[in-house]
>>> print(open('target04.csv').read())   # CSV, C-alpha atoms
chain,number,residue,atom,x,y,z
A,90,MET,CA,-9.3,-17.4,-11.2
A,91,ASN,CA,-11.2,-17.5,-7.9
A,92,LEU,CA,-10.2,-21.1,-7.3
A,93,ARG,CA,-6.6,-20.3,-8.1
A,94,ILE,CA,-6.7,-17.5,-5.4
A,95,PHE,CA,-8.8,-19.3,-2.8
A,96,GLY,CA,-7.8,-22.9,-3.5
A,97,TRP,CA,-5.2,-23.1,-0.7
A,98,SER,CA,-7.6,-21.4,1.7
A,99,TYR,CA,-10.3,-24.0,1.0
A,100,ALA,CA,-7.9,-26.8,1.5
A,101,VAL,CA,-6.4,-25.4,4.7
A,102,THR,CA,-10.0,-24.8,6.1
A,103,ALA,CA,-11.1,-28.4,5.4
A,104,ALA,CA,-7.9,-29.8,7.0
A,105,SER,CA,-8.3,-27.5,10.1
A,106,LEU,CA,-11.9,-28.5,10.6
A,107,VAL,CA,-11.0,-32.2,10.4
A,108,ILE,CA,-8.2,-31.7,12.9
A,109,ALA,CA,-10.5,-29.7,15.3
A,110,LEU,CA,-13.1,-32.5,15.1
A,111,LEU,CA,-10.5,-35.2,15.9
A,112,TYR,CA,-9.0,-33.0,18.6
A,113,GLY,CA,-12.2,-32.0,20.6
A,114,GLY,CA,-15.3,-33.4,18.8
A,115,TRP,CA,-18.1,-31.4,17.4
A,116,GLU,CA,-17.9,-28.6,19.9
A,117,ALA,CA,-14.3,-27.9,18.9
A,118,LEU,CA,-15.2,-28.0,15.2
A,119,ILE,CA,-18.0,-25.4,15.8
A,120,LEU,CA,-15.7,-23.2,17.8
A,121,CYS,CA,-13.0,-23.5,15.1
A,122,ALA,CA,-15.5,-22.6,12.4
A,123,VAL,CA,-16.8,-19.6,14.4
A,124,LEU,CA,-13.3,-18.3,14.9
A,125,GLY,CA,-12.5,-18.7,11.3
A,126,ILE,CA,-15.6,-16.8,10.2
A,127,LEU,CA,-15.0,-14.2,12.8
A,128,GLU,CA,-11.4,-13.6,11.9
A,129,VAL,CA,-12.2,-13.3,8.2
A,130,SER,CA,-15.0,-10.9,8.8
A,131,LEU,CA,-13.2,-8.8,11.3
A,132,SER,CA,-10.2,-8.6,8.9
A,133,PHE,CA,-12.2,-7.9,5.8
A,134,ASP,CA,-11.7,-4.2,6.1
A,135,ASN,CA,-8.0,-5.0,6.8
A,136,ALA,CA,-7.9,-6.9,3.5
A,137,VAL,CA,-9.5,-3.8,1.8
A,138,VAL,CA,-6.8,-1.5,3.3
A,139,ASN,CA,-4.1,-4.0,2.3
A,140,ALA,CA,-5.4,-4.1,-1.2
A,141,THR,CA,-5.6,-0.3,-1.4
A,142,VAL,CA,-1.9,0.1,-0.3
A,143,LEU,CA,-0.6,-2.9,-2.3
A,144,GLU,CA,-1.9,-1.2,-5.5
A,145,ARG,CA,0.5,1.6,-4.8
A,146,MET,CA,3.5,-0.7,-4.3
A,147,SER,CA,5.8,-2.4,-6.8
A,148,GLN,CA,5.3,-6.0,-7.7
A,149,PHE,CA,8.4,-6.9,-5.7
A,150,TRP,CA,7.0,-5.4,-2.4
A,151,GLN,CA,3.6,-7.0,-3.1
A,152,LYS,CA,5.3,-10.4,-3.2
A,153,ILE,CA,7.3,-9.6,0.0
A,154,PHE,CA,4.1,-8.7,1.8
A,155,LEU,CA,2.2,-11.7,0.5
A,156,THR,CA,5.0,-14.2,1.5
A,157,ILE,CA,7.0,-12.9,4.4
A,158,GLY,CA,4.0,-10.9,5.6
A,159,ILE,CA,1.8,-13.9,5.8
A,160,LEU,CA,4.4,-15.9,7.7
A,161,ILE,CA,4.5,-13.1,10.3
A,162,ALA,CA,0.7,-12.9,10.4
A,163,VAL,CA,0.2,-16.7,10.8
A,164,PHE,CA,3.1,-17.8,13.0
A,165,GLY,CA,3.9,-14.5,14.8
A,166,MET,CA,0.5,-13.0,15.7
A,167,ARG,CA,-2.0,-15.8,15.4
A,168,LEU,CA,0.1,-18.8,16.8
A,169,VAL,CA,2.9,-17.4,19.0
A,170,PHE,CA,1.1,-14.3,20.4
A,171,PRO,CA,-1.9,-16.1,22.0
A,172,LEU,CA,0.6,-18.4,23.8
A,173,LEU,CA,2.6,-15.3,25.0
A,174,ILE,CA,-0.6,-13.8,26.4
A,175,VAL,CA,-1.4,-17.1,28.2
A,176,GLY,CA,2.2,-17.4,29.4
A,177,ILE,CA,2.4,-13.9,30.8
A,178,THR,CA,-1.0,-13.9,32.6
A,179,ALA,CA,-0.9,-17.5,33.8
A,180,ASP,CA,2.8,-17.5,34.6
A,181,LEU,CA,3.6,-20.3,32.0
A,182,ASN,CA,6.1,-20.4,29.2
A,183,PRO,CA,4.7,-21.2,25.7
A,184,VAL,CA,5.9,-24.8,25.8
A,185,GLU,CA,4.2,-25.4,29.2
A,186,ALA,CA,1.0,-23.8,27.9
A,187,VAL,CA,0.9,-26.0,24.9
A,188,THR,CA,1.7,-29.1,26.9
A,189,LEU,CA,-0.9,-28.4,29.5
A,190,ALA,CA,-3.5,-27.6,26.8
A,191,LEU,CA,-2.8,-30.9,25.0
A,192,GLU,CA,-3.0,-32.9,28.3
A,193,ARG,CA,-6.5,-31.5,28.8
A,194,ARG,CA,-6.6,-32.2,32.6
A,195,PRO,CA,-9.9,-31.7,34.5
A,196,GLU,CA,-10.8,-28.1,35.0
A,197,ASP,CA,-10.9,-28.5,38.8
A,198,ASP,CA,-7.2,-29.6,38.8
A,199,PRO,CA,-5.1,-26.7,40.1
A,200,THR,CA,-2.3,-27.7,37.7
A,201,SER,CA,-4.5,-27.8,34.6
A,202,TYR,CA,-4.3,-25.3,31.8
A,203,ALA,CA,-8.0,-24.5,32.1
A,204,TYR,CA,-7.7,-23.8,35.8
A,205,LEU,CA,-4.7,-21.6,35.5
A,206,LEU,CA,-6.1,-19.7,32.6
A,207,ASN,CA,-9.4,-19.3,34.4
A,208,GLU,CA,-7.6,-17.8,37.4
A,209,ALA,CA,-5.8,-15.3,35.1
A,210,TYR,CA,-8.9,-14.6,32.9
A,211,PRO,CA,-9.9,-11.3,34.6
A,212,GLN,CA,-6.5,-9.9,33.5
A,213,ILE,CA,-6.8,-11.2,30.0
A,214,ALA,CA,-10.4,-9.8,29.8
A,215,ALA,CA,-9.4,-6.4,31.1
A,216,PHE,CA,-6.3,-6.2,28.8
A,217,GLY,CA,-8.1,-7.4,25.6
A,218,GLY,CA,-11.4,-5.8,26.4
A,219,MET,CA,-9.9,-2.3,26.7
A,220,PHE,CA,-7.9,-2.8,23.4
A,221,LEU,CA,-11.0,-3.8,21.5
A,222,PHE,CA,-13.2,-1.2,23.2
A,223,MET,CA,-10.8,1.5,22.2
A,224,LEU,CA,-10.7,0.2,18.6
A,225,PHE,CA,-14.5,0.2,18.5
A,226,LEU,CA,-14.9,3.7,20.1
A,227,ASP,CA,-12.4,5.3,17.7
A,228,TRP,CA,-14.2,3.8,14.8
A,229,VAL,CA,-17.8,4.6,15.9
A,230,PHE,CA,-16.8,8.2,16.8
A,231,THR,CA,-15.6,8.9,13.3
A,232,GLU,CA,-17.9,10.4,10.7
A,233,ARG,CA,-18.4,8.4,7.5
A,234,ALA,CA,-19.9,8.9,4.1
A,235,HIS,CA,-22.4,6.1,4.7
A,236,THR,CA,-23.9,4.5,7.8
A,237,TRP,CA,-25.5,1.2,8.5
A,238,LEU,CA,-27.3,1.7,11.9
A,239,THR,CA,-27.9,5.3,11.0
A,240,TRP,CA,-30.1,6.1,14.0
A,241,LEU,CA,-27.1,5.2,16.3
A,242,GLU,CA,-24.0,5.8,14.2
A,243,ARG,CA,-24.7,9.4,13.2
A,244,PRO,CA,-25.2,10.7,16.8
A,245,LEU,CA,-22.1,8.8,18.0
A,246,ALA,CA,-20.1,10.3,15.1
A,247,ARG,CA,-21.2,13.8,16.2
A,248,MET,CA,-20.2,13.0,19.7
A,249,GLY,CA,-16.8,12.0,18.4
A,250,GLN,CA,-16.0,15.6,17.5
A,251,LEU,CA,-15.0,16.0,21.2
A,252,ASN,CA,-11.2,15.4,21.3
A,253,ARG,CA,-10.1,12.2,23.1
A,254,LEU,CA,-13.6,11.2,24.0
A,255,SER,CA,-12.8,7.6,23.4
A,256,VAL,CA,-9.9,7.6,25.9
A,257,VAL,CA,-12.1,9.3,28.5
A,258,ILE,CA,-14.9,6.8,28.1
A,259,ALA,CA,-12.5,3.9,28.1
A,260,ILE,CA,-10.8,5.0,31.3
A,261,VAL,CA,-14.0,5.7,33.2
A,262,SER,CA,-15.4,2.3,32.1
A,263,LEU,CA,-12.3,0.6,33.3
A,264,VAL,CA,-12.4,2.2,36.7
A,265,LEU,CA,-16.1,1.3,37.1
A,266,LEU,CA,-15.6,-2.3,36.0
A,267,ALA,CA,-12.6,-2.8,38.3
A,268,THR,CA,-14.5,-1.3,41.2
A,269,PHE,CA,-17.7,-3.2,40.9
A,270,LEU,CA,-16.8,-6.5,39.1
A,271,ALA,CA,-13.2,-7.4,39.9
A,272,GLU,CA,-12.1,-9.4,42.9
A,273,GLU,CA,-8.7,-7.7,42.6
A,274,PRO,CA,-9.3,-4.2,41.3
A,275,SER,CA,-5.6,-3.2,41.2
A,276,VAL,CA,-4.7,-6.1,39.0
A,277,VAL,CA,-7.6,-5.4,36.6
A,278,LEU,CA,-6.7,-1.7,36.5
A,279,ILE,CA,-3.1,-2.4,35.6
A,280,ALA,CA,-4.1,-5.0,32.9
A,281,GLY,CA,-6.7,-2.7,31.4
A,282,ALA,CA,-4.3,0.3,31.4
A,283,LEU,CA,-1.7,-1.9,29.5
A,284,GLY,CA,-4.4,-2.8,27.0
A,285,LEU,CA,-5.2,0.9,26.5
A,286,ILE,CA,-1.5,1.8,26.1
A,287,THR,CA,-0.9,-1.0,23.7
A,288,TYR,CA,-3.7,0.2,21.5
A,289,LEU,CA,-2.4,3.8,21.5
A,290,ALA,CA,1.1,2.6,20.7
A,291,VAL,CA,0.0,0.3,17.8
A,292,ASN,CA,-2.3,3.0,16.4
A,293,GLY,CA,0.5,5.6,16.6
A,294,LEU,CA,3.0,3.3,14.9
A,295,GLY,CA,0.5,2.7,12.1
A,296,ASP,CA,0.0,6.4,11.6
A,297,PHE,CA,3.8,7.0,11.6
A,298,PHE,CA,4.6,4.4,9.0
A,299,GLU,CA,1.7,5.4,6.8
A,300,GLN,CA,2.9,9.0,6.8
A,301,ALA,CA,6.5,7.9,6.1
A,302,GLY,CA,5.4,5.7,3.2
A,303,GLN,CA,3.2,8.5,1.8
A,304,ARG,CA,6.1,11.0,1.9
A,305,GLN,CA,8.3,8.5,0.1
A,306,LEU,CA,5.6,7.8,-2.4
A,307,GLU,CA,5.2,11.5,-3.1
A,308,ALA,CA,8.9,11.9,-3.6
A,309,VAL,CA,8.8,9.0,-6.1
A,310,GLU,CA,6.0,10.7,-8.0
A,311,GLU,CA,7.9,14.0,-8.1
A,312,GLU,CA,11.1,12.3,-9.3
A,313,ALA,CA,9.1,10.4,-11.9
A,314,ALA,CA,7.7,13.6,-13.3
A,315,GLU,CA,11.3,15.1,-13.5
A,316,THR,CA,12.9,12.1,-15.1
A,317,ARG,CA,10.2,11.0,-17.4
A,318,ASN,CA,12.1,12.1,-20.4
A,319,GLY,CA,15.5,11.7,-18.8
A,320,SER,CA,17.8,8.8,-17.9
A,321,GLY,CA,17.1,8.3,-14.2
A,322,PRO,CA,15.4,4.9,-13.9
A,323,SER,CA,17.9,3.5,-11.4
A,324,GLN,CA,17.4,6.3,-9.0
A,325,LEU,CA,13.7,6.0,-9.4
A,326,ALA,CA,13.8,2.3,-8.6
A,327,LYS,CA,15.7,3.1,-5.4
A,328,ALA,CA,13.1,5.7,-4.3
A,329,THR,CA,10.3,3.2,-5.1
A,330,GLY,CA,12.1,0.7,-2.9
A,331,LYS,CA,12.2,3.1,0.0
A,332,ALA,CA,8.6,3.9,-0.4
A,333,GLY,CA,7.7,0.2,-0.7
A,334,PHE,CA,9.7,-0.5,2.5
A,335,PHE,CA,7.8,2.1,4.6
A,336,LEU,CA,4.5,1.0,3.2
A,337,PHE,CA,5.4,-2.6,4.0
A,338,LEU,CA,6.1,-1.6,7.6
A,339,TYR,CA,2.8,0.2,7.7
A,340,LEU,CA,1.0,-2.8,6.5
A,341,GLU,CA,2.7,-5.1,9.0
A,342,VAL,CA,1.7,-2.8,11.8
A,343,LEU,CA,-1.9,-2.7,10.5
A,344,ASP,CA,-1.9,-6.5,10.2
A,345,ALA,CA,-0.6,-6.9,13.7
A,346,ALA,CA,-3.3,-4.6,15.0
A,347,PHE,CA,-6.1,-6.5,13.2
A,348,SER,CA,-4.6,-9.8,14.2
A,349,PHE,CA,-4.4,-8.6,17.8
A,350,ASP,CA,-8.1,-7.8,18.0
A,351,GLY,CA,-8.9,-11.2,16.4
A,352,VAL,CA,-6.7,-13.0,19.0
A,353,ILE,CA,-8.2,-11.0,21.9
A,354,GLY,CA,-11.7,-11.6,20.6
A,355,ALA,CA,-10.9,-15.3,20.4
A,356,PHE,CA,-10.4,-15.4,24.1
A,357,ALA,CA,-14.0,-14.4,24.5
A,358,ILE,CA,-15.0,-17.5,22.6
A,359,THR,CA,-12.4,-20.1,23.7
A,360,THR,CA,-9.2,-20.2,25.7
A,361,ASP,CA,-7.9,-23.4,24.0
A,362,PRO,CA,-4.7,-22.4,22.1
A,363,ILE,CA,-5.1,-25.3,19.6
A,364,ILE,CA,-8.6,-24.2,18.5
A,365,ILE,CA,-7.3,-20.6,18.4
A,366,ALA,CA,-4.4,-21.6,16.2
A,367,LEU,CA,-6.6,-23.6,13.8
A,368,GLY,CA,-9.3,-21.0,13.6
A,369,LEU,CA,-7.3,-17.8,13.5
A,370,GLY,CA,-3.8,-18.9,12.4
A,371,LEU,CA,-4.8,-21.2,9.6
A,372,ILE,CA,-8.3,-20.6,8.4
A,373,GLY,CA,-8.4,-16.8,9.2
A,374,ALA,CA,-5.0,-15.8,8.1
A,375,MET,CA,-5.1,-17.8,4.8
A,376,PHE,CA,-8.5,-16.3,3.8
A,377,VAL,CA,-7.4,-12.8,4.7
A,378,ARG,CA,-4.4,-13.2,2.3
A,379,SER,CA,-6.6,-14.7,-0.4
A,380,LEU,CA,-9.1,-11.8,0.0
A,381,THR,CA,-6.2,-9.3,-0.3
A,382,VAL,CA,-5.0,-10.9,-3.5
A,383,PHE,CA,-8.5,-11.1,-4.9
A,384,LEU,CA,-9.2,-7.4,-4.2
A,385,VAL,CA,-5.9,-6.4,-5.9
A,386,ARG,CA,-6.4,-8.5,-9.0
A,387,LYS,CA,-10.1,-7.8,-9.3
A,388,GLY,CA,-9.5,-4.1,-9.0
A,389,THR,CA,-12.6,-3.3,-6.9
A,390,LEU,CA,-13.0,-2.6,-3.2
A,391,ALA,CA,-15.9,-2.6,-0.8
A,392,ASP,CA,-18.7,-4.2,-2.9
A,393,TYR,CA,-20.4,-4.8,0.5
A,394,VAL,CA,-20.2,-1.4,2.1
A,395,TYR,CA,-21.8,-2.3,5.4
A,396,LEU,CA,-19.5,-5.3,6.1
A,397,GLU,CA,-16.9,-3.0,7.8
A,398,HIS,CA,-19.7,-1.7,10.0
A,399,GLY,CA,-20.9,-5.2,11.0
A,400,ALA,CA,-17.3,-6.2,11.8
A,401,HIS,CA,-16.7,-3.2,14.1
A,402,TRP,CA,-20.1,-3.7,15.9
A,403,ALA,CA,-19.0,-7.3,16.4
A,404,ILE,CA,-15.7,-6.0,17.9
A,405,GLY,CA,-17.8,-3.8,20.2
A,406,ALA,CA,-19.9,-6.8,21.3
A,407,LEU,CA,-16.7,-8.9,21.9
A,408,ALA,CA,-15.2,-6.0,23.9
A,409,ALA,CA,-18.4,-5.8,26.1
A,410,ILE,CA,-18.4,-9.5,26.6
A,411,LEU,CA,-14.7,-9.5,27.6
A,412,LEU,CA,-15.2,-6.6,30.0
A,413,ILE,CA,-18.2,-8.3,31.6
A,414,GLY,CA,-16.0,-11.4,31.8
A,415,ILE,CA,-14.0,-9.7,34.5
A,416,GLY,CA,-16.8,-10.7,36.9
A,417,TYR,CA,-19.2,-13.0,35.0
A,418,HIS,CA,-18.8,-15.9,32.6
A,419,VAL,CA,-20.5,-15.8,29.2
A,420,ASN,CA,-21.0,-19.0,27.2
A,421,GLU,CA,-18.3,-19.2,24.4
A,422,VAL,CA,-20.7,-20.4,21.7
A,423,VAL,CA,-23.1,-17.6,22.4
A,424,THR,CA,-20.3,-15.1,22.2
A,425,GLY,CA,-19.1,-16.3,18.8
A,426,LEU,CA,-22.7,-16.4,17.4
A,427,VAL,CA,-23.3,-12.7,18.5
A,428,GLY,CA,-20.3,-11.6,16.4
A,429,VAL,CA,-21.3,-13.7,13.4
A,430,ALA,CA,-24.9,-12.4,13.7
A,431,PHE,CA,-23.7,-8.8,13.4
A,432,ILE,CA,-21.5,-9.6,10.3
A,433,LEU,CA,-24.2,-11.7,8.5
A,434,SER,CA,-26.8,-8.9,9.2
A,435,ALA,CA,-24.4,-6.3,7.7
A,436,LEU,CA,-23.7,-8.6,4.7
A,437,ALA,CA,-27.5,-9.0,4.1
A,438,SER,CA,-28.0,-5.2,4.4
A,439,SER,CA,-25.2,-4.7,1.8
A,440,ILE,CA,-26.8,-7.1,-0.6
A,441,VAL,CA,-30.2,-5.4,-0.3
A,442,ARG,CA,-28.6,-2.0,-0.8
A,443,ASN,CA,-26.7,-3.1,-3.9
A,444,ARG,CA,-29.9,-4.6,-5.4
A,445,ARG,CA,-31.9,-1.4,-4.6
A,446,LEU,CA,-29.2,0.8,-6.2
A,447,ALA,CA,-28.9,-1.5,-9.2
A,448,ALA,CA,-32.6,-1.2,-9.8
A,449,GLN,CA,-32.1,2.6,-9.8
A,450,GLY,CA,-29.3,2.2,-12.4
A,451,VAL,CA,-26.5,3.0,-9.9
A,452,GLU,CA,-23.3,1.1,-10.3
A,453,THR,CA,-22.2,-0.5,-7.1
A,454,HIS,CA,-19.1,-2.4,-8.4
A,455,LYS,CA,-16.7,0.4,-7.7
A,456,THR,CA,-13.9,1.6,-5.5
A,457,ALA,CA,-14.5,2.7,-2.0
A,458,ASP,CA,-14.1,6.4,-3.0
A,459,GLU,CA,-16.6,6.0,-5.9
A,460,LEU,CA,-19.1,4.3,-3.7
A,461,ALA,CA,-18.9,7.0,-1.1
A,462,ALA,CA,-19.5,9.6,-3.8
A,463,ASP,CA,-22.4,7.7,-5.1
A,464,HIS,CA,-23.9,7.5,-1.6
A,465,SER,CA,-23.7,11.2,-1.1
A,466,SER,CA,-25.8,11.7,-4.2
A,467,VAL,CA,-28.4,9.0,-3.4
>>> encode(input="target04.csv", output="structure tokens")
Amino acid sequence: MNLRIFGWSYAVTAASLVIALLYGGWEALILCAVLGILEVSLSFDNAVVNATVLERMSQFWQKIFLTIGILIAVFGMRLVFPLLIVGITADLNPVEAVTLALERRPEDDPTSYAYLLNEAYPQIAAFGGMFLFMLFLDWVFTERAHTWLTWLERPLARMGQLNRLSVVIAIVSLVLLATFLAEEPSVVLIAGALGLITYLAVNGLGDFFEQAGQRQLEAVEEEAAETRNGSGPSQLAKATGKAGFFLFLYLEVLDAAFSFDGVIGAFAITTDPIIIALGLGLIGAMFVRSLTVFLVRKGTLADYVYLEHGAHWAIGALAAILLIGIGYHVNEVVTGLVGVAFILSALASSIVRNRRLAAQGVETHKTADELAADHSSV
């Protein structure tokens, strides 16, 4: 079953790594692998959310999300979107961006892709850094049933009781960084403000579609109770379709948001659109889809409870590196390894926790809600 679900992902990964090796040698292969691992890890919690929502959708809408949805995720967010960012910030259209990247002119050539992107990098760093920083702050300021870095996560969660604290911290940080690191403070301020606005807009859309889908789902459940002994299956099917449609929109917004942080994080590792497309668009997106299918069919969520924590701390690290990149350059390989280190540490902690609880006779192969309930009693 696992090979049937992950078979295409393994094949696409192997092909992508070979292409990366032929394209840019061993360094390109390493960066491609790092991006793939990072995207899968950062999107693991997205796959968990997808699986949770997909379980409430009809089989038809599940197929729609896993077919049309993956096309949007791969070609829309992970292939086209990075080129749009480069085009807007470096004043290039996507075709020019790809052409220049493939030509791989010397970095000191003013007409080269690397030179143009390097000139625009403070804007990219401010925009993406603020988006990821807000994502990290909103997560770390939320109280949770269990914690990984308890000594740090619990005090931060208590601080998060102050309304809009994440927005205040993000704006103050942006002003300070623009003042002390940026050569053009006004440009960085505008780019950072757009990143903040984009996050708030995406987050708001996600909440809206989730609530709309939930309302439709509740209407379906009420109608099902009323018509259980009656003759209203056609009307029930229509209501289920409306609920599925809103939940589909909600999942697409969520996927876009998680794809967005992966794309922005990728710019902290490499600015090559070919490597980004291979690592995120092919390896990452395919494995996220496979993970979603696996979680739905397996019927269990969050076996590794700290992986979400490690992913978000990796996001925080990427955000910090991007914001520092407004004024200073950080080696791309180091950046990628920092994120992977957080995720592997969280994975190892989850395995140790599961073994400890298993030795105590506590079942860890449960849903997220059941795991949270177990944690509160341990």
>>> residues_around(input="target04.csv", residues="region 236-249 of chain A", least_positions_apart="2", cutoff="10 Å", atoms="only C-alpha atoms", output="PyMOL selection string")
chain A and resi 226-234+251-255+394-399+402+435+438-439+464
>>> atom_distance(input="target04.csv", atom1="CA of Leu124 (chain A)", atom2="CA of Gly428 (chain A)")
9.8 Å
>>> atom_distance(input="target04.csv", atom1="CA of Ile364 (chain A)", atom2="CA of Tyr204 (chain A)")
17.3 Å
>>> closest_residue(input="target04.csv", among="A:Met166, A:Leu426, A:Val276, A:Ile365", to="Ala109 (chain A)", atoms="all atoms listed in the file")
A:Ile365
>>> atom_distance(input="target04.csv", atom1="CA of Val382 (chain A)", atom2="CA of Phe149 (chain A)")
14.2 Å
>>> residues_around(input="target04.csv", residues="region 95-107 of chain A", least_positions_apart="4", cutoff="6 Å", atoms="only C-alpha atoms", output="count of residues only")
7
>>> closest_residue(input="target04.csv", among="A:Leu155, A:Ala267, A:Leu446, A:Leu120", to="Leu369 (chain A)", atoms="only C-alpha atoms")
A:Leu120
>>> decode(input="target04.csv", residues="region 265-272 of chain A", atoms="all heavy atoms", output="PDB file, in the first residue's frame")
ATOM      1  N   LEU A 265      12.976  48.575  12.648  1.00  0.00           N
ATOM      2  CA  LEU A 265      14.363  48.522  13.124  1.00  0.00           C
ATOM      3  C   LEU A 265      15.303  47.979  12.048  1.00  0.00           C
ATOM      4  O   LEU A 265      16.396  48.514  11.827  1.00  0.00           O
ATOM      5  CB  LEU A 265      14.449  47.672  14.387  1.00  0.00           C
ATOM      6  CG  LEU A 265      13.771  48.257  15.638  1.00  0.00           C
ATOM      7  CD1 LEU A 265      13.840  47.255  16.787  1.00  0.00           C
ATOM      8  CD2 LEU A 265      14.427  49.572  16.049  1.00  0.00           C
ATOM      9  N   LEU A 266      14.889  46.910  11.390  1.00  0.00           N
ATOM     10  CA  LEU A 266      15.724  46.313  10.350  1.00  0.00           C
ATOM     11  C   LEU A 266      15.907  47.259   9.171  1.00  0.00           C
ATOM     12  O   LEU A 266      17.019  47.383   8.621  1.00  0.00           O
ATOM     13  CB  LEU A 266      15.099  44.998   9.873  1.00  0.00           C
ATOM     14  CG  LEU A 266      15.153  43.840  10.867  1.00  0.00           C
ATOM     15  CD1 LEU A 266      14.226  42.716  10.424  1.00  0.00           C
ATOM     16  CD2 LEU A 266      16.576  43.314  10.998  1.00  0.00           C
ATOM     17  N   ALA A 267      14.840  47.919   8.764  1.00  0.00           N
ATOM     18  CA  ALA A 267      14.944  48.871   7.656  1.00  0.00           C
ATOM     19  C   ALA A 267      15.844  50.040   8.017  1.00  0.00           C
ATOM     20  O   ALA A 267      16.602  50.542   7.173  1.00  0.00           O
ATOM     21  CB  ALA A 267      13.551  49.374   7.271  1.00  0.00           C
ATOM     22  N   THR A 268      15.798  50.452   9.267  1.00  0.00           N
ATOM     23  CA  THR A 268      16.595  51.613   9.711  1.00  0.00           C
ATOM     24  C   THR A 268      18.074  51.283   9.798  1.00  0.00           C
ATOM     25  O   THR A 268      18.919  52.078   9.361  1.00  0.00           O
ATOM     26  CB  THR A 268      16.093  52.108  11.081  1.00  0.00           C
ATOM     27  OG1 THR A 268      14.711  52.459  10.977  1.00  0.00           O
ATOM     28  CG2 THR A 268      16.903  53.316  11.536  1.00  0.00           C
ATOM     29  N   PHE A 269      18.405  50.106  10.320  1.00  0.00           N
ATOM     30  CA  PHE A 269      19.800  49.799  10.629  1.00  0.00           C
ATOM     31  C   PHE A 269      20.491  48.890   9.620  1.00  0.00           C
ATOM     32  O   PHE A 269      21.725  48.845   9.579  1.00  0.00           O
ATOM     33  CB  PHE A 269      19.904  49.169  12.022  1.00  0.00           C
ATOM     34  CG  PHE A 269      19.533  50.104  13.138  1.00  0.00           C
ATOM     35  CD1 PHE A 269      18.320  49.986  13.785  1.00  0.00           C
ATOM     36  CD2 PHE A 269      20.394  51.128  13.519  1.00  0.00           C
ATOM     37  CE1 PHE A 269      17.963  50.851  14.812  1.00  0.00           C
ATOM     38  CE2 PHE A 269      20.053  52.001  14.546  1.00  0.00           C
ATOM     39  CZ  PHE A 269      18.837  51.866  15.191  1.00  0.00           C
ATOM     40  N   LEU A 270      19.737  48.156   8.790  1.00  0.00           N
ATOM     41  CA  LEU A 270      20.367  47.224   7.850  1.00  0.00           C
ATOM     42  C   LEU A 270      20.202  47.601   6.388  1.00  0.00           C
ATOM     43  O   LEU A 270      21.066  47.295   5.570  1.00  0.00           O
ATOM     44  CB  LEU A 270      19.803  45.806   8.057  1.00  0.00           C
ATOM     45  CG  LEU A 270      20.139  45.085   9.361  1.00  0.00           C
ATOM     46  CD1 LEU A 270      19.574  43.667   9.331  1.00  0.00           C
ATOM     47  CD2 LEU A 270      21.642  45.039   9.594  1.00  0.00           C
ATOM     48  N   ALA A 271      19.108  48.253   6.051  1.00  0.00           N
ATOM     49  CA  ALA A 271      18.800  48.480   4.642  1.00  0.00           C
ATOM     50  C   ALA A 271      19.520  49.699   4.076  1.00  0.00           C
ATOM     51  O   ALA A 271      19.650  50.729   4.745  1.00  0.00           O
ATOM     52  CB  ALA A 271      17.287  48.646   4.469  1.00  0.00           C
ATOM     53  N   GLU A 272      19.982  49.555   2.832  1.00  0.00           N
ATOM     54  CA  GLU A 272      20.555  50.700   2.130  1.00  0.00           C
ATOM     55  C   GLU A 272      19.458  51.643   1.645  1.00  0.00           C
ATOM     56  O   GLU A 272      19.673  52.843   1.534  1.00  0.00           O
ATOM     57  CB  GLU A 272      21.388  50.218   0.934  1.00  0.00           C
ATOM     58  CG  GLU A 272      22.634  49.428   1.336  1.00  0.00           C
ATOM     59  CD  GLU A 272      23.461  49.025   0.139  1.00  0.00           C
ATOM     60  OE1 GLU A 272      23.066  49.401  -0.998  1.00  0.00           O
ATOM     61  OE2 GLU A 272      24.487  48.363   0.323  1.00  0.00           O
TER      62      GLU A 272
END
